[in-house]
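Colleague: Structure: protein-v3.cif, mmCIF, C-alpha atoms.
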```cif
data_model
#
loop_
_atom_site.group_PDB
_atom_site.id
_atom_site.type_symbol
_atom_site.label_atom_id
_atom_site.label_comp_id
_atom_site.auth_asym_id
_atom_site.auth_seq_id
_atom_site.Cartn_x
_atom_site.Cartn_y
_atom_site.Cartn_z
ATOM 1 C CA MET E 1 -35.523 4.960 58.873
ATOM 2 C CA ALA E 2 -37.855 2.011 58.344
ATOM 3 C CA ILE E 3 -38.737 0.943 54.826
ATOM 4 C CA THR E 4 -42.471 0.836 54.195
ATOM 5 C CA THR E 5 -44.284 -1.946 52.373
ATOM 6 C CA LYS E 6 -45.212 0.481 49.620
ATOM 7 C CA GLN E 7 -41.532 1.293 49.053
ATOM 8 C CA GLU E 8 -40.674 -2.423 49.022
ATOM 9 C CA LEU E 9 -43.358 -3.124 46.414
ATOM 10 C CA ARG E 10 -42.018 -0.341 44.215
ATOM 11 C CA ALA E 11 -38.365 -1.402 44.494
ATOM 12 C CA LEU E 12 -38.648 -5.200 44.171
ATOM 13 C CA SER E 13 -39.668 -7.549 41.411
ATOM 14 C CA ALA E 14 -42.184 -10.345 42.047
ATOM 15 C CA ASP E 15 -39.444 -12.951 42.606
ATOM 16 C CA GLU E 16 -37.581 -10.697 44.987
ATOM 17 C CA ARG E 17 -40.792 -9.893 46.831
ATOM 18 C CA GLU E 18 -41.366 -13.627 47.315
ATOM 19 C CA LEU E 19 -37.855 -13.983 48.788
ATOM 20 C CA ILE E 20 -38.525 -11.119 51.201
ATOM 21 C CA ASP E 21 -41.847 -12.650 52.271
ATOM 22 C CA MET E 22 -40.105 -15.990 52.886
ATOM 23 C CA SER E 23 -37.509 -14.308 55.122
ATOM 24 C CA GLY E 24 -40.073 -13.289 57.746
ATOM 25 C CA ALA E 25 -39.469 -14.638 61.253
ATOM 26 C CA ARG E 26 -42.512 -16.937 61.409
ATOM 27 C CA VAL E 27 -42.087 -18.290 57.898
ATOM 28 C CA VAL E 28 -38.376 -18.987 58.317
ATOM 29 C CA LYS E 29 -38.901 -21.069 61.453
ATOM 30 C CA ALA E 30 -41.274 -23.330 59.531
ATOM 31 C CA LEU E 31 -38.720 -24.059 56.783
ATOM 32 C CA THR E 32 -36.521 -27.138 56.731
ATOM 33 C CA ASP E 33 -32.747 -26.780 56.792
ATOM 34 C CA ALA E 34 -32.486 -27.566 53.070
ATOM 35 C CA GLN E 35 -35.155 -25.001 52.200
ATOM 36 C CA LEU E 36 -33.448 -22.413 54.398
ATOM 37 C CA SER E 37 -30.040 -22.936 52.785
ATOM 38 C CA SER E 38 -31.626 -22.709 49.332
ATOM 39 C CA LEU E 39 -33.394 -19.481 50.309
ATOM 40 C CA VAL E 40 -30.152 -18.024 51.680
ATOM 41 C CA LYS E 41 -28.341 -18.873 48.458
ATOM 42 C CA ARG E 42 -31.016 -17.276 46.255
ATOM 43 C CA THR E 43 -31.244 -14.168 48.433
ATOM 44 C CA ARG E 44 -27.467 -13.779 48.488
ATOM 45 C CA THR E 45 -27.364 -14.020 44.670
ATOM 46 C CA ARG E 46 -30.037 -11.328 44.323
ATOM 47 C CA ARG E 47 -28.310 -9.115 46.895
ATOM 48 C CA ASP E 48 -24.957 -9.424 45.099
ATOM 49 C CA ARG E 49 -26.584 -8.517 41.777
ATOM 50 C CA ALA E 50 -28.302 -5.490 43.347
ATOM 51 C CA ARG E 51 -24.999 -4.400 44.912
ATOM 52 C CA THR E 52 -23.197 -4.652 41.559
ATOM 53 C CA LEU E 53 -25.929 -2.673 39.817
ATOM 54 C CA ALA E 54 -25.925 0.039 42.510
ATOM 55 C CA GLU E 55 -22.130 0.358 42.321
ATOM 56 C CA ARG E 56 -22.252 0.619 38.524
ATOM 57 C CA GLN E 57 -24.929 3.304 38.674
ATOM 58 C CA ARG E 58 -22.944 5.263 41.261
ATOM 59 C CA ARG E 59 -19.885 5.162 39.006
ATOM 60 C CA GLU E 60 -21.973 6.365 36.067
ATOM 61 C CA MET E 61 -23.358 9.255 38.118
ATOM 62 C CA ARG E 62 -19.857 10.333 39.135
ATOM 63 C CA GLY E 63 -18.675 10.115 35.535
ATOM 64 C CA LYS E 64 -16.177 7.314 36.205
ATOM 65 C CA SER E 65 -17.668 4.992 33.594
ATOM 66 C CA ARG E 66 -19.742 5.278 30.453
ATOM 67 C CA ALA E 67 -23.533 4.971 30.547
ATOM 68 C CA ARG E 68 -24.731 1.437 29.857
ATOM 69 C CA GLY E 69 -28.411 2.158 29.328
ATOM 70 C CA ALA E 70 -30.217 4.259 26.728
ATOM 71 C CA THR E 71 -29.914 7.324 28.958
ATOM 72 C CA PRO E 72 -27.330 8.109 31.622
ATOM 73 C CA VAL E 73 -28.321 7.365 35.209
ATOM 74 C CA LYS E 74 -29.360 10.422 37.212
ATOM 75 C CA ALA E 75 -30.116 8.761 40.566
ATOM 76 C CA ASP E 76 -29.577 5.390 42.184
ATOM 77 C CA ASP E 77 -32.139 5.643 44.986
ATOM 78 C CA GLY E 78 -34.107 2.623 43.758
ATOM 79 C CA SER E 79 -30.992 0.454 43.534
ATOM 80 C CA GLN E 80 -29.870 1.514 47.002
ATOM 81 C CA LEU E 81 -33.329 0.769 48.398
ATOM 82 C CA LYS E 82 -33.392 -2.689 46.804
ATOM 83 C CA LEU E 83 -29.919 -3.390 48.166
ATOM 84 C CA ALA E 84 -30.962 -2.332 51.688
ATOM 85 C CA ILE E 85 -34.080 -4.521 51.605
ATOM 86 C CA LEU E 86 -32.210 -7.595 50.365
ATOM 87 C CA THR E 87 -29.384 -7.048 52.863
ATOM 88 C CA ALA E 88 -31.859 -6.885 55.747
ATOM 89 C CA ALA E 89 -33.573 -10.070 54.546
ATOM 90 C CA LEU E 90 -30.238 -11.841 54.273
ATOM 91 C CA ALA E 91 -29.336 -10.733 57.813
ATOM 92 C CA ARG E 92 -32.581 -12.271 59.108
ATOM 93 C CA LEU E 93 -31.867 -15.525 57.273
ATOM 94 C CA ASP E 94 -28.294 -15.644 58.560
ATOM 95 C CA ALA E 95 -29.540 -15.050 62.108
ATOM 96 C CA GLU E 96 -31.926 -17.993 61.792
ATOM 97 C CA THR E 97 -29.158 -20.202 60.387
ATOM 98 C CA THR E 98 -26.925 -19.258 63.332
ATOM 99 C CA ARG E 99 -29.735 -19.901 65.810
ATOM 100 C CA ARG E 100 -30.349 -23.372 64.364
ATOM 101 C CA GLY E 101 -26.645 -24.163 64.535
ATOM 102 C CA GLN E 102 -26.553 -23.178 68.203
ATOM 103 C CA VAL E 103 -29.595 -25.336 68.980
ATOM 104 C CA LYS E 104 -27.968 -28.334 67.264
ATOM 105 C CA ALA E 105 -24.683 -27.747 69.100
ATOM 106 C CA LYS E 106 -26.473 -27.569 72.454
ATOM 107 C CA ALA E 107 -28.417 -30.764 71.709
ATOM 108 C CA ALA E 108 -25.174 -32.537 70.767
ATOM 109 C CA LEU E 109 -23.537 -31.325 73.981
ATOM 110 C CA VAL E 110 -26.428 -32.594 76.097
ATOM 111 C CA ALA E 111 -26.369 -35.960 74.328
ATOM 112 C CA SER E 112 -22.628 -36.243 74.870
ATOM 113 C CA ALA E 113 -22.974 -35.389 78.557
ATOM 114 C CA LYS E 114 -25.711 -38.002 79.017
ATOM 115 C CA LYS E 115 -23.577 -40.626 77.297
ATOM 116 C CA ALA E 116 -20.596 -39.766 79.507
ATOM 117 C CA LEU E 117 -22.771 -39.983 82.619
ATOM 118 C CA SER E 118 -24.111 -43.392 81.653
ATOM 119 C CA LEU E 119 -20.578 -44.676 80.971
ATOM 120 C CA LYS E 120 -19.419 -43.329 84.337
ATOM 121 C CA GLN E 121 -22.310 -44.970 86.145
ATOM 122 C CA LYS E 122 -21.603 -48.313 84.452
ATOM 123 C CA ALA E 123 -17.958 -48.113 85.496
ATOM 124 C CA LYS E 124 -18.781 -47.699 89.213
ATOM 125 C CA PRO E 125 -18.031 -50.820 91.274
ATOM 126 C CA ALA E 126 -20.925 -52.774 92.726
ATOM 127 C CA LYS E 127 -22.002 -52.120 96.326
ATOM 128 C CA GLY E 128 -19.768 -53.837 98.843
ATOM 129 C CA ALA E 129 -16.792 -53.988 96.491
ATOM 130 C CA LYS E 130 -13.709 -52.144 97.630
ATOM 131 C CA ALA E 131 -12.036 -49.503 95.561
ATOM 132 C CA PRO E 132 -8.453 -50.281 94.561
ATOM 133 C CA ALA E 133 -5.892 -49.229 97.185
ATOM 134 C CA LYS E 134 -3.804 -46.166 96.518
ATOM 135 C CA PRO E 135 -0.072 -46.723 96.278
ATOM 136 C CA ARG E 136 1.855 -45.670 99.359
ATOM 137 C CA GLY E 137 4.861 -43.430 99.325
ATOM 138 C CA PRO E 138 5.776 -39.782 99.153
ATOM 139 C CA ALA E 139 3.674 -37.466 97.052
ATOM 140 C CA LYS E 140 5.353 -36.435 93.854
ATOM 141 C CA ALA E 141 4.947 -32.693 94.107
ATOM 142 C CA VAL E 142 6.399 -30.318 91.586
ATOM 143 C CA ARG E 143 9.298 -28.504 93.138
ATOM 144 C CA GLY E 144 10.899 -25.437 91.680
ATOM 145 C CA LYS E 145 14.594 -24.921 91.346
ATOM 146 C CA THR E 146 16.374 -23.534 94.346
ATOM 147 C CA ARG E 147 17.460 -19.959 94.093
ATOM 148 C CA VAL E 148 21.141 -19.437 93.499
ATOM 149 C CA ALA E 149 22.536 -16.386 95.240
ATOM 150 C CA VAL E 150 24.910 -14.427 93.040
ATOM 151 C CA LYS E 151 27.540 -12.315 94.691
ATOM 152 C CA ASN E 152 27.599 -8.771 93.379
ATOM 153 C CA HIS E 153 31.191 -7.895 92.512
ATOM 154 C CA VAL E 154 30.587 -4.169 91.926
ATOM 155 C CA PRO E 155 31.081 -2.074 95.056
ATOM 156 C CA GLY E 156 28.363 0.354 96.084
ATOM 157 C CA SER E 157 30.525 3.436 95.636
ATOM 158 C CA VAL E 158 31.086 2.612 91.968
ATOM 159 C CA ARG E 159 27.406 1.808 91.356
ATOM 160 C CA GLY E 160 26.357 5.328 92.257
ATOM 161 C CA SER E 161 28.949 6.999 90.045
ATOM 162 C CA VAL E 162 28.028 4.798 87.044
ATOM 163 C CA ARG E 163 24.396 5.692 87.517
ATOM 164 C CA SER E 164 25.120 9.408 87.631
ATOM 165 C CA GLN E 165 27.327 9.119 84.535
ATOM 166 C CA GLY E 166 24.430 7.510 82.660
ATOM 167 C CA ALA E 167 22.049 10.253 83.793
ATOM 168 C CA LYS E 168 24.442 12.987 82.633
ATOM 169 C CA ALA E 169 24.927 11.323 79.253
ATOM 170 C CA GLN E 170 21.168 11.024 78.756
ATOM 171 C CA ALA E 171 20.642 14.673 79.705
ATOM 172 C CA LYS E 172 23.294 15.687 77.175
ATOM 173 C CA ARG E 173 21.529 13.702 74.418
ATOM 174 C CA ASP E 174 18.144 15.172 75.355
ATOM 175 C CA SER E 175 19.410 18.738 75.184
ATOM 176 C CA ARG E 176 20.463 18.416 71.514
#
```
Take the structure in the file and give it back as structure tokens.
Modeller:
Amino acid sequence: MAITTKQELRALSADERELIDMSGARVVKALTDAQLSSLVKRTRTRRDRARTLAERQRREMRGKSRARGATPVKADDGSQLKLAILTAALARLDAETTRRGQVKAKAALVASAKKALSLKQKAKPAKGAKAPAKPRGPAKAVRGKTRVAVKNHVPGSVRGSVRSQGAKAQAKRDSR
């Protein structure tokens, strides 16, 4: 179920609301890499704090730990909502970071390919020049080992009886 803006306003503080607004798709694309990494770090810190608080409140509700506030916690819906909102924002920021990394990697690959092409074109001989002659002689192909035929010393009549003995022994073991 989608989280409404009204629910976000109720669950988040002003600082957290600012982080969520900064994690929008259009705003994130306008940020520099340094600003994006700073925003990711701050959002991750807030998300971790919200997760810790939600876990603590859940433990209090189950009776696993003592109440830390003035009154025992009766519900952790607000903490869970805050955690969900911050997790979604962090996922958007991580997706943008990944996208930027892929764009940089592709640009580096293209630059490397262009450099390799220019080096290859410089290395080509001038027109009219002959390419170096290939050495003559037999091709050095990889050859496998020849198959060695092994003579089977066990006669056929014995092979059949050994096989039937094994089958009988297995049947005896299976019937136990």
Colleague: Between atom CA of Gln57 of chain E and atom CA of Gly78 of chain E, measure the distance and give it in Å to one decimal.
Modeller: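 If I compute the distance from atom CA of Gln57 of chain E to atom CA of Gly78 of chain E, I get 10.5 Å.
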Colleague: Atom CA of Ser23 of chain E and atom CA of Asp77 of chain E, how far apart in Å?
Modeller: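 Between atom CA of Asp77 of chain E and atom CA of Ser23 of chain E the gap works out to 23.0 Å.
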Colleague: With all atoms listed in the file as the basis for distance, which of E:Arg143, E:Ala75, E:Arg66, E:Arg159 is at the shortest distance from Ala54 of chain E?
Modeller: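 Closest to Ala54 of chain E, using all atoms listed in the file: E:Ala75.
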Colleague: Could you jot down the atom CA of Leu19 of chain E to atom CA of Asp94 of chain E separation for me, Å, one decimal place?
Modeller: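 Distance between the two atoms: 13.8 Å.
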Colleague: Kindly extract all protein, DNA and RNA residues lying within 12 Å of the coordinates (-39.0, -13.5, 59.3) given in the file, considering all atoms listed in the file, and supply them as a list in words.
Modeller: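 Final list of nearby residues, as requested, is Leu19, Ile20, Asp21, Met22, Ser23, Gly24, Ala25, Arg26, Val27, Val28, Lys29, Ala30, Leu31, Leu36, Ala88, Ala89, Leu90, Ala91, Arg92, Leu93, Asp94, Ala95, Glu96 and Thr97 of chain E.
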Colleague: Taking into account only C-alpha atoms, which residue in the set E:Ala133, E:Ala123, E:Val40, E:Leu81 is nearest to Thr5 of chain E?
Modeller: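 Of E:Ala133, E:Ala123, E:Val40, E:Leu81, the one nearest Thr5 of chain E is E:Leu81, counting only C-alpha atoms.
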Colleague: Take the point (-37.0, -1.2, 44.4) in the file's coordinates, draw a sphere of radius 9 Å around it, and report as a list in words every protein, DNA or RNA residue with an atom inside or on it, counting all atoms listed in the file.
Modeller: Gln7, Glu8, Leu9, Arg10, Ala11, Leu12, Ser13, Asp77, Gly78, Ser79, Gln80, Leu81, Lys82, Leu83 and Ile85 of chain E
Colleague: Select, from E:Lys122, E:Arg163, E:Arg58, E:Ala84, the residue with the minimum atom-to-atom distance to Ile3 of chain E, counting all atoms listed in the file.
Modeller: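 Closest candidate: E:Ala84.
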Colleague: Tell me, as a PDB file with C-alpha atoms, in the coordinates of the input, which residues lie within 12 Å of Arg62 of chain E, counting all atoms listed in the file; anything in the same chain fewer than 5 positions away does not count.
Modeller:
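Once everything was written out, this is result_26.pdb:
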```
ATOM      1  CA  GLU E  55     -22.130   0.358  42.321  1.00  0.00           C
ATOM      2  CA  ARG E  56     -22.252   0.619  38.524  1.00  0.00           C
ATOM      3  CA  GLN E  57     -24.929   3.304  38.674  1.00  0.00           C
ATOM      4  CA  ALA E  67     -23.533   4.971  30.547  1.00  0.00           C
ATOM      5  CA  PRO E  72     -27.330   8.109  31.622  1.00  0.00           C
ATOM      6  CA  VAL E  73     -28.321   7.365  35.209  1.00  0.00           C
ATOM      7  CA  LYS E  74     -29.360  10.422  37.212  1.00  0.00           C
ATOM      8  CA  ALA E  75     -30.116   8.761  40.566  1.00  0.00           C
ATOM      9  CA  ASP E  76     -29.577   5.390  42.184  1.00  0.00           C
TER      10      ASP E  76
END
```
Colleague: Axis-aligned box over every listed atom of segment 113-119 of chain E, padded by 3 Å per side: centre and edges in Å to one decimal, as AutoDock Vina command-line options?
Modeller:
```
--center_x -23.1 --center_y -40.0 --center_z 80.0 --size_x 11.1 --size_y 15.3 --size_z 11.3
```
Colleague: Nearest to Asp15 of chain E: which of E:Leu39, E:Ala34, E:Ala108, E:Leu119 is it, counting only C-alpha atoms?
Modeller: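 For Asp15 of chain E, the nearest of the given residues is E:Leu39.
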